[in-house]
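Colleague: For reference, this is model-v5.cif, and it has mmCIF, N, CA and C atoms.
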```cif
data_target
loop_
_atom_site.group_PDB
_atom_site.id
_atom_site.type_symbol
_atom_site.label_atom_id
_atom_site.label_comp_id
_atom_site.auth_asym_id
_atom_site.auth_seq_id
_atom_site.Cartn_x
_atom_site.Cartn_y
_atom_site.Cartn_z
ATOM 1 N N MET A 3 4.681 2.256 17.293
ATOM 2 C CA MET A 3 4.945 3.518 16.652
ATOM 3 C C MET A 3 3.993 3.663 15.457
ATOM 4 N N ASN A 4 3.265 4.761 15.438
ATOM 5 C CA ASN A 4 2.379 5.058 14.314
ATOM 6 C C ASN A 4 3.109 5.897 13.283
ATOM 7 N N ARG A 5 2.959 5.501 12.033
ATOM 8 C CA ARG A 5 3.534 6.268 10.922
ATOM 9 C C ARG A 5 2.404 6.602 9.962
ATOM 10 N N GLU A 6 2.511 7.734 9.316
ATOM 11 C CA GLU A 6 1.509 8.130 8.339
ATOM 12 C C GLU A 6 2.130 8.174 6.955
ATOM 13 N N PHE A 7 1.353 7.758 5.961
ATOM 14 C CA PHE A 7 1.807 7.746 4.575
ATOM 15 C C PHE A 7 0.744 8.375 3.691
ATOM 16 N N ASN A 8 1.180 9.104 2.688
ATOM 17 C CA ASN A 8 0.261 9.600 1.668
ATOM 18 C C ASN A 8 -0.054 8.455 0.728
ATOM 19 N N VAL A 9 -1.332 8.335 0.393
ATOM 20 C CA VAL A 9 -1.795 7.292 -0.520
ATOM 21 C C VAL A 9 -2.497 7.972 -1.690
ATOM 22 N N ILE A 10 -2.109 7.601 -2.896
ATOM 23 C CA ILE A 10 -2.753 8.119 -4.097
ATOM 24 C C ILE A 10 -3.749 7.078 -4.579
ATOM 25 N N ILE A 11 -4.986 7.520 -4.815
ATOM 26 C CA ILE A 11 -6.040 6.626 -5.282
ATOM 27 C C ILE A 11 -6.512 7.099 -6.650
ATOM 28 N N GLU A 12 -6.541 6.161 -7.591
ATOM 29 C CA GLU A 12 -6.988 6.449 -8.956
ATOM 30 C C GLU A 12 -7.955 5.359 -9.390
ATOM 31 N N LYS A 13 -8.746 5.642 -10.399
ATOM 32 C CA LYS A 13 -9.638 4.643 -10.974
ATOM 33 C C LYS A 13 -9.096 4.273 -12.349
ATOM 34 N N ASP A 14 -8.948 2.955 -12.602
ATOM 35 C CA ASP A 14 -8.415 2.541 -13.901
ATOM 36 C C ASP A 14 -9.541 2.406 -14.926
ATOM 37 N N SER A 15 -9.183 2.068 -16.141
ATOM 38 C CA SER A 15 -10.147 2.011 -17.242
ATOM 39 C C SER A 15 -11.181 0.898 -17.090
ATOM 40 N N GLN A 16 -10.902 -0.072 -16.225
ATOM 41 C CA GLN A 16 -11.835 -1.178 -16.002
ATOM 42 C C GLN A 16 -12.690 -0.958 -14.754
ATOM 43 N N GLY A 17 -12.549 0.204 -14.114
ATOM 44 C CA GLY A 17 -13.371 0.529 -12.961
ATOM 45 C C GLY A 17 -12.777 0.163 -11.616
ATOM 46 N N TYR A 18 -11.591 -0.401 -11.611
ATOM 47 C CA TYR A 18 -10.932 -0.734 -10.350
ATOM 48 C C TYR A 18 -10.336 0.519 -9.727
ATOM 49 N N LEU A 19 -10.352 0.579 -8.410
ATOM 50 C CA LEU A 19 -9.643 1.618 -7.679
ATOM 51 C C LEU A 19 -8.239 1.108 -7.412
ATOM 52 N N VAL A 20 -7.260 1.945 -7.661
ATOM 53 C CA VAL A 20 -5.857 1.574 -7.495
ATOM 54 C C VAL A 20 -5.227 2.527 -6.497
ATOM 55 N N ALA A 21 -4.599 1.977 -5.470
ATOM 56 C CA ALA A 21 -3.931 2.788 -4.450
ATOM 57 C C ALA A 21 -2.438 2.530 -4.505
ATOM 58 N N SER A 22 -1.661 3.614 -4.378
ATOM 59 C CA SER A 22 -0.209 3.477 -4.324
ATOM 60 C C SER A 22 0.333 4.432 -3.272
ATOM 61 N N VAL A 23 1.499 4.062 -2.738
ATOM 62 C CA VAL A 23 2.158 4.852 -1.706
ATOM 63 C C VAL A 23 3.477 5.352 -2.291
ATOM 64 N N PRO A 24 3.536 6.634 -2.678
ATOM 65 C CA PRO A 24 4.727 7.150 -3.350
ATOM 66 C C PRO A 24 6.030 6.980 -2.565
ATOM 67 N N SER A 25 5.975 7.059 -1.256
ATOM 68 C CA SER A 25 7.194 6.956 -0.454
ATOM 69 C C SER A 25 7.655 5.508 -0.242
ATOM 70 N N LEU A 26 6.841 4.540 -0.690
ATOM 71 C CA LEU A 26 7.200 3.122 -0.574
ATOM 72 C C LEU A 26 7.148 2.507 -1.975
ATOM 73 N N PRO A 27 8.250 2.556 -2.718
ATOM 74 C CA PRO A 27 8.264 2.075 -4.104
ATOM 75 C C PRO A 27 7.746 0.644 -4.227
ATOM 76 N N GLY A 28 6.808 0.452 -5.139
ATOM 77 C CA GLY A 28 6.252 -0.872 -5.373
ATOM 78 C C GLY A 28 5.104 -1.227 -4.454
ATOM 79 N N CYS A 29 4.742 -0.342 -3.547
ATOM 80 C CA CYS A 29 3.644 -0.610 -2.614
ATOM 81 C C CYS A 29 2.348 -0.102 -3.234
ATOM 82 N N HIS A 30 1.538 -1.032 -3.734
ATOM 83 C CA HIS A 30 0.285 -0.674 -4.369
ATOM 84 C C HIS A 30 -0.669 -1.856 -4.325
ATOM 85 N N THR A 31 -1.945 -1.577 -4.545
ATOM 86 C CA THR A 31 -2.960 -2.619 -4.583
ATOM 87 C C THR A 31 -4.165 -2.084 -5.327
ATOM 88 N N GLN A 32 -5.157 -2.947 -5.547
ATOM 89 C CA GLN A 32 -6.379 -2.524 -6.222
ATOM 90 C C GLN A 32 -7.585 -3.242 -5.638
ATOM 91 N N ALA A 33 -8.766 -2.661 -5.852
ATOM 92 C CA ALA A 33 -10.014 -3.256 -5.373
ATOM 93 C C ALA A 33 -11.175 -2.593 -6.103
ATOM 94 N N LYS A 34 -12.350 -3.184 -5.983
ATOM 95 C CA LYS A 34 -13.553 -2.619 -6.597
ATOM 96 C C LYS A 34 -14.208 -1.565 -5.709
ATOM 97 N N SER A 35 -14.090 -1.685 -4.376
ATOM 98 C CA SER A 35 -14.726 -0.723 -3.469
ATOM 99 C C SER A 35 -13.676 0.026 -2.660
ATOM 100 N N LEU A 36 -14.031 1.221 -2.226
ATOM 101 C CA LEU A 36 -13.103 2.029 -1.433
ATOM 102 C C LEU A 36 -12.812 1.374 -0.090
ATOM 103 N N ASP A 37 -13.827 0.783 0.541
ATOM 104 C CA ASP A 37 -13.600 0.109 1.824
ATOM 105 C C ASP A 37 -12.583 -1.019 1.687
ATOM 106 N N GLN A 38 -12.753 -1.824 0.664
ATOM 107 C CA GLN A 38 -11.831 -2.936 0.438
ATOM 108 C C GLN A 38 -10.440 -2.416 0.079
ATOM 109 N N LEU A 39 -10.388 -1.349 -0.705
ATOM 110 C CA LEU A 39 -9.107 -0.764 -1.097
ATOM 111 C C LEU A 39 -8.342 -0.278 0.129
ATOM 112 N N MET A 40 -9.025 0.390 1.058
ATOM 113 C CA MET A 40 -8.361 0.911 2.249
ATOM 114 C C MET A 40 -7.815 -0.220 3.125
ATOM 115 N N GLU A 41 -8.556 -1.304 3.232
ATOM 116 C CA GLU A 41 -8.064 -2.463 3.980
ATOM 117 C C GLU A 41 -6.816 -3.039 3.311
ATOM 118 N N ARG A 42 -6.886 -3.170 1.999
ATOM 119 C CA ARG A 42 -5.774 -3.777 1.261
ATOM 120 C C ARG A 42 -4.521 -2.908 1.284
ATOM 121 N N ILE A 43 -4.667 -1.589 1.160
ATOM 122 C CA ILE A 43 -3.462 -0.749 1.146
ATOM 123 C C ILE A 43 -2.843 -0.710 2.535
ATOM 124 N N GLN A 44 -3.659 -0.761 3.581
ATOM 125 C CA GLN A 44 -3.092 -0.811 4.934
ATOM 126 C C GLN A 44 -2.290 -2.102 5.112
ATOM 127 N N GLU A 45 -2.834 -3.203 4.626
ATOM 128 C CA GLU A 45 -2.116 -4.475 4.706
ATOM 129 C C GLU A 45 -0.835 -4.437 3.878
ATOM 130 N N ALA A 46 -0.901 -3.839 2.685
ATOM 131 C CA ALA A 46 0.278 -3.750 1.823
ATOM 132 C C ALA A 46 1.377 -2.924 2.489
ATOM 133 N N ILE A 47 0.988 -1.833 3.146
ATOM 134 C CA ILE A 47 1.967 -1.001 3.856
ATOM 135 C C ILE A 47 2.607 -1.784 4.990
ATOM 136 N N GLU A 48 1.790 -2.482 5.772
ATOM 137 C CA GLU A 48 2.327 -3.276 6.883
ATOM 138 C C GLU A 48 3.305 -4.331 6.387
ATOM 139 N N LEU A 49 2.960 -5.021 5.317
ATOM 140 C CA LEU A 49 3.849 -6.044 4.763
ATOM 141 C C LEU A 49 5.130 -5.437 4.214
ATOM 142 N N TYR A 50 5.023 -4.303 3.536
ATOM 143 C CA TYR A 50 6.195 -3.615 3.003
ATOM 144 C C TYR A 50 7.150 -3.278 4.138
ATOM 145 N N LEU A 51 6.620 -2.699 5.213
ATOM 146 C CA LEU A 51 7.467 -2.295 6.336
ATOM 147 C C LEU A 51 8.075 -3.502 7.044
ATOM 148 N N GLU A 52 7.320 -4.593 7.104
ATOM 149 C CA GLU A 52 7.836 -5.816 7.718
ATOM 150 C C GLU A 52 9.021 -6.364 6.924
ATOM 151 N N VAL A 53 8.879 -6.415 5.624
ATOM 152 C CA VAL A 53 9.966 -6.903 4.765
ATOM 153 C C VAL A 53 11.156 -5.958 4.840
ATOM 154 N N GLU A 54 10.892 -4.660 4.816
ATOM 155 C CA GLU A 54 11.970 -3.667 4.915
ATOM 156 C C GLU A 54 12.758 -3.853 6.214
ATOM 157 N N THR A 55 12.059 -4.099 7.313
ATOM 158 C CA THR A 55 12.707 -4.313 8.612
ATOM 159 C C THR A 55 13.525 -5.595 8.600
ATOM 160 N N ASP A 56 12.938 -6.668 8.028
ATOM 161 C CA ASP A 56 13.660 -7.947 7.948
ATOM 162 C C ASP A 56 14.936 -7.810 7.133
ATOM 163 N N LEU A 57 14.872 -7.091 6.030
ATOM 164 C CA LEU A 57 16.055 -6.894 5.192
ATOM 165 C C LEU A 57 17.115 -6.080 5.912
ATOM 166 N N ALA A 58 16.711 -5.108 6.695
ATOM 167 C CA ALA A 58 17.647 -4.267 7.441
ATOM 168 C C ALA A 58 18.408 -5.100 8.484
ATOM 169 N N PHE A 59 17.712 -6.057 9.107
ATOM 170 C CA PHE A 59 18.362 -6.873 10.114
ATOM 171 C C PHE A 59 19.242 -7.959 9.503
ATOM 172 N N ASP A 60 18.969 -8.323 8.247
ATOM 173 C CA ASP A 60 19.776 -9.341 7.573
ATOM 174 C C ASP A 60 21.128 -8.790 7.137
ATOM 175 N N ASN A 61 21.233 -7.477 6.985
ATOM 176 C CA ASN A 61 22.491 -6.877 6.505
ATOM 177 C C ASN A 61 23.386 -6.569 7.615
#
```
So, in terms of structure tokens, how does the structure I just supplied come out?
Modeller:
Amino acid sequence: MNREFNVIIEKDSQGYLVASVPSLPGCHTQAKSLDQLMERIQEAIELYLEVETDLAFDN
């Protein structure tokens, strides 16, 4: 199942790109390049959803 998420990308004062997913609280990452940032936020989303699923089955 494919899901789509809005990702907000900002640049911090030290030049890092910071990505966050508003619909997934606490899901964020940072990187120096946009390519690396996109890889990292995709991984962060996958891990967030994996943990969310594991917690749902534990209850």
Colleague: Can you tell me how far CA of Glu41 (chain A) sits from CA of Phe59 (chain A), in Å to one decimal?
Modeller: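 A separation of 27.5 Å between them.
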Colleague: Write out as a list of chain:residue names all residues of chain A that DSSP puts in alpha helix (DSSP H) for this structure's backbone.
Modeller: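 So the alpha helix (DSSP H) residues in chain A would be A:Leu36, A:Asp37, A:Gln38, A:Leu39, A:Met40, A:Glu41, A:Arg42, A:Ile43, A:Gln44, A:Glu45, A:Ala46, A:Ile47, A:Glu48, A:Leu49, A:Tyr50, A:Leu51, A:Glu52, A:Val53, A:Glu54, A:Thr55, A:Asp56, A:Leu57, A:Ala58, A:Phe59, A:Asp60.
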Colleague: Taking all atoms listed in the file into account, name the residue in A:Lys34, A:Leu57, A:Asn8, A:Met3 that is nearest to Val20 (chain A).
Modeller: A:Lys34
Colleague: Would you kindly translate the PyMOL selection byres (((chain A and resi 22 and name CA) around 7) and name CA) into the concrete residues it picks from this file, as a list in words?
Modeller: Val9, Ile10, Ile11, Val20, Ala21, Val23, Pro24, Cys29, His30 and Thr31 of chain A
Colleague: From a DSSP calculation on the backbone, collect every residue of chain A in strand (DSSP E or B) and output the set as a list of chain:residue names.
Modeller: A:Ile10, A:Ile11, A:Glu12, A:Lys13, A:Leu19, A:Val20, A:Ala21, A:Ser22, A:His30, A:Thr31, A:Gln32, A:Ala33
Colleague: As an exercise, work out the distance from CA of Ser25 (chain A) to CA of Phe7 (chain A) in Å and give it to one decimal place.
Modeller: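 Atom-to-atom, CA of Ser25 (chain A) and CA of Phe7 (chain A) are spaced 7.4 Å apart.
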Colleague: Run the PyMOL selection byres (((chain A and resi 50 and name CA) around 12) and name CA) mentally over the shown coordinates, then write out the matched residues as a list in words, using the chain letters and numbers from the document.
Modeller: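 Applied to this file, the PyMOL selection byres (((chain A and resi 50 and name CA) around 12) and name CA) returns Val23, Ser25, Leu26, Pro27, Gly28, Cys29, His30, Thr31, Ile43, Gln44, Glu45, Ala46, Ile47, Glu48, Leu49, Leu51, Glu52, Val53, Glu54, Thr55, Asp56 and Leu57 of chain A.
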Colleague: Could you please determine the separation between atom C of Ser15 (chain A) and CA of Ser35 (chain A) in Å, to one decimal place?
Modeller: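 Taking atom C of Ser15 (chain A) as the start and CA of Ser35 (chain A) as the end point, the length is 14.2 Å.
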Colleague: Export region 10-60 of chain A of the preceding structure, keeping N, CA and C atoms, as an mmCIF file, in the first residue's frame.
Modeller:
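Output contents, as saved in decode.cif:
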```cif
data_model
loop_
_atom_site.group_PDB
_atom_site.id
_atom_site.type_symbol
_atom_site.label_atom_id
_atom_site.label_comp_id
_atom_site.auth_asym_id
_atom_site.auth_seq_id
_atom_site.Cartn_x
_atom_site.Cartn_y
_atom_site.Cartn_z
ATOM 1 N N ILE A 10 7.698 19.089 4.991
ATOM 2 C CA ILE A 10 8.136 20.479 5.039
ATOM 3 C C ILE A 10 9.654 20.487 5.111
ATOM 4 N N ILE A 11 10.276 21.262 4.220
ATOM 5 C CA ILE A 11 11.731 21.363 4.180
ATOM 6 C C ILE A 11 12.130 22.805 4.461
ATOM 7 N N GLU A 12 13.045 22.960 5.411
ATOM 8 C CA GLU A 12 13.549 24.284 5.789
ATOM 9 C C GLU A 12 15.065 24.218 5.874
ATOM 10 N N LYS A 13 15.707 25.361 5.812
ATOM 11 C CA LYS A 13 17.153 25.437 5.991
ATOM 12 C C LYS A 13 17.419 26.107 7.333
ATOM 13 N N ASP A 14 18.271 25.469 8.164
ATOM 14 C CA ASP A 14 18.553 26.057 9.475
ATOM 15 C C ASP A 14 19.709 27.053 9.381
ATOM 16 N N SER A 15 20.035 27.671 10.489
ATOM 17 C CA SER A 15 21.050 28.726 10.515
ATOM 18 C C SER A 15 22.461 28.224 10.218
ATOM 19 N N GLN A 16 22.670 26.916 10.324
ATOM 20 C CA GLN A 16 23.986 26.336 10.050
ATOM 21 C C GLN A 16 24.071 25.756 8.638
ATOM 22 N N GLY A 17 23.015 25.931 7.842
ATOM 23 C CA GLY A 17 23.034 25.477 6.462
ATOM 24 C C GLY A 17 22.485 24.083 6.229
ATOM 25 N N TYR A 18 22.046 23.423 7.276
ATOM 26 C CA TYR A 18 21.457 22.095 7.123
ATOM 27 C C TYR A 18 20.032 22.215 6.602
ATOM 28 N N LEU A 19 19.627 21.261 5.787
ATOM 29 C CA LEU A 19 18.237 21.141 5.375
ATOM 30 C C LEU A 19 17.536 20.257 6.390
ATOM 31 N N VAL A 20 16.376 20.682 6.829
ATOM 32 C CA VAL A 20 15.613 19.958 7.841
ATOM 33 C C VAL A 20 14.258 19.606 7.256
ATOM 34 N N ALA A 21 13.901 18.333 7.316
ATOM 35 C CA ALA A 21 12.609 17.870 6.805
ATOM 36 C C ALA A 21 11.772 17.355 7.959
ATOM 37 N N SER A 22 10.477 17.699 7.931
ATOM 38 C CA SER A 22 9.555 17.185 8.939
ATOM 39 C C SER A 22 8.245 16.818 8.262
ATOM 40 N N VAL A 23 7.539 15.880 8.896
ATOM 41 C CA VAL A 23 6.264 15.397 8.382
ATOM 42 C C VAL A 23 5.190 15.783 9.398
ATOM 43 N N PRO A 24 4.404 16.827 9.100
ATOM 44 C CA PRO A 24 3.432 17.322 10.074
ATOM 45 C C PRO A 24 2.427 16.278 10.563
ATOM 46 N N SER A 25 2.038 15.352 9.718
ATOM 47 C CA SER A 25 1.040 14.358 10.113
ATOM 48 C C SER A 25 1.631 13.207 10.937
ATOM 49 N N LEU A 26 2.965 13.184 11.081
ATOM 50 C CA LEU A 26 3.633 12.151 11.880
ATOM 51 C C LEU A 26 4.479 12.853 12.945
ATOM 52 N N PRO A 27 3.901 13.147 14.106
ATOM 53 C CA PRO A 27 4.609 13.900 15.147
ATOM 54 C C PRO A 27 5.956 13.275 15.502
ATOM 55 N N GLY A 28 6.989 14.101 15.493
ATOM 56 C CA GLY A 28 8.323 13.635 15.841
ATOM 57 C C GLY A 28 9.086 13.038 14.679
ATOM 58 N N CYS A 29 8.485 12.981 13.507
ATOM 59 C CA CYS A 29 9.152 12.411 12.333
ATOM 60 C C CYS A 29 9.880 13.533 11.601
ATOM 61 N N HIS A 30 11.201 13.571 11.761
ATOM 62 C CA HIS A 30 12.003 14.601 11.131
ATOM 63 C C HIS A 30 13.436 14.117 10.983
ATOM 64 N N THR A 31 14.189 14.793 10.129
ATOM 65 C CA THR A 31 15.593 14.471 9.926
ATOM 66 C C THR A 31 16.276 15.677 9.316
ATOM 67 N N GLN A 32 17.597 15.593 9.158
ATOM 68 C CA GLN A 32 18.347 16.685 8.545
ATOM 69 C C GLN A 32 19.488 16.138 7.703
ATOM 70 N N ALA A 33 19.972 16.965 6.776
ATOM 71 C CA ALA A 33 21.091 16.584 5.913
ATOM 72 C C ALA A 33 21.654 17.843 5.268
ATOM 73 N N LYS A 34 22.821 17.715 4.664
ATOM 74 C CA LYS A 34 23.446 18.840 3.966
ATOM 75 C C LYS A 34 22.937 18.978 2.534
ATOM 76 N N SER A 35 22.557 17.868 1.879
ATOM 77 C CA SER A 35 22.091 17.932 0.489
ATOM 78 C C SER A 35 20.639 17.487 0.389
ATOM 79 N N LEU A 36 19.961 17.971 -0.635
ATOM 80 C CA LEU A 36 18.556 17.607 -0.834
ATOM 81 C C LEU A 36 18.411 16.124 -1.143
ATOM 82 N N ASP A 37 19.323 15.567 -1.940
ATOM 83 C CA ASP A 37 19.252 14.134 -2.248
ATOM 84 C C ASP A 37 19.346 13.289 -0.982
ATOM 85 N N GLN A 38 20.292 13.624 -0.137
ATOM 86 C CA GLN A 38 20.466 12.880 1.110
ATOM 87 C C GLN A 38 19.266 13.088 2.031
ATOM 88 N N LEU A 39 18.741 14.305 2.059
ATOM 89 C CA LEU A 39 17.582 14.606 2.898
ATOM 90 C C LEU A 39 16.381 13.766 2.475
ATOM 91 N N MET A 40 16.139 13.649 1.169
ATOM 92 C CA MET A 40 14.995 12.884 0.683
ATOM 93 C C MET A 40 15.126 11.399 1.034
ATOM 94 N N GLU A 41 16.328 10.869 0.949
ATOM 95 C CA GLU A 41 16.552 9.478 1.351
ATOM 96 C C GLU A 41 16.270 9.302 2.842
ATOM 97 N N ARG A 42 16.780 10.232 3.629
ATOM 98 C CA ARG A 42 16.632 10.126 5.083
ATOM 99 C C ARG A 42 15.184 10.292 5.532
ATOM 100 N N ILE A 43 14.439 11.215 4.924
ATOM 101 C CA ILE A 43 13.054 11.404 5.375
ATOM 102 C C ILE A 43 12.206 10.213 4.955
ATOM 103 N N GLN A 44 12.502 9.613 3.808
ATOM 104 C CA GLN A 44 11.760 8.410 3.413
ATOM 105 C C GLN A 44 12.020 7.286 4.419
ATOM 106 N N GLU A 45 13.268 7.140 4.825
ATOM 107 C CA GLU A 45 13.602 6.125 5.825
ATOM 108 C C GLU A 45 12.934 6.428 7.162
ATOM 109 N N ALA A 46 12.920 7.704 7.558
ATOM 110 C CA ALA A 46 12.297 8.090 8.824
ATOM 111 C C ALA A 46 10.799 7.787 8.808
ATOM 112 N N ILE A 47 10.150 8.049 7.675
ATOM 113 C CA ILE A 47 8.719 7.748 7.549
ATOM 114 C C ILE A 47 8.478 6.251 7.657
ATOM 115 N N GLU A 48 9.283 5.463 6.951
ATOM 116 C CA GLU A 48 9.128 4.005 7.007
ATOM 117 C C GLU A 48 9.303 3.485 8.426
ATOM 118 N N LEU A 49 10.306 3.972 9.131
ATOM 119 C CA LEU A 49 10.537 3.537 10.510
ATOM 120 C C LEU A 49 9.408 3.971 11.430
ATOM 121 N N TYR A 50 8.917 5.190 11.258
ATOM 122 C CA TYR A 50 7.804 5.689 12.061
ATOM 123 C C TYR A 50 6.599 4.778 11.886
ATOM 124 N N LEU A 51 6.270 4.456 10.638
ATOM 125 C CA LEU A 51 5.097 3.623 10.367
ATOM 126 C C LEU A 51 5.284 2.202 10.892
ATOM 127 N N GLU A 52 6.514 1.707 10.828
ATOM 128 C CA GLU A 52 6.802 0.372 11.353
ATOM 129 C C GLU A 52 6.580 0.324 12.865
ATOM 130 N N VAL A 53 7.083 1.312 13.560
ATOM 131 C CA VAL A 53 6.908 1.376 15.017
ATOM 132 C C VAL A 53 5.437 1.565 15.359
ATOM 133 N N GLU A 54 4.759 2.431 14.621
ATOM 134 C CA GLU A 54 3.326 2.662 14.852
ATOM 135 C C GLU A 54 2.538 1.358 14.698
ATOM 136 N N THR A 55 2.869 0.570 13.685
ATOM 137 C CA THR A 55 2.196 -0.712 13.449
ATOM 138 C C THR A 55 2.494 -1.691 14.574
ATOM 139 N N ASP A 56 3.778 -1.745 14.991
ATOM 140 C CA ASP A 56 4.159 -2.644 16.090
ATOM 141 C C ASP A 56 3.424 -2.291 17.372
ATOM 142 N N LEU A 57 3.302 -1.011 17.664
ATOM 143 C CA LEU A 57 2.596 -0.579 18.870
ATOM 144 C C LEU A 57 1.119 -0.919 18.801
ATOM 145 N N ALA A 58 0.524 -0.820 17.636
ATOM 146 C CA ALA A 58 -0.894 -1.131 17.457
ATOM 147 C C ALA A 58 -1.158 -2.621 17.720
ATOM 148 N N PHE A 59 -0.218 -3.477 17.305
ATOM 149 C CA PHE A 59 -0.407 -4.900 17.509
ATOM 150 C C PHE A 59 -0.111 -5.326 18.944
ATOM 151 N N ASP A 60 0.678 -4.523 19.662
ATOM 152 C CA ASP A 60 0.996 -4.841 21.055
ATOM 153 C C ASP A 60 -0.177 -4.547 21.982
#
```
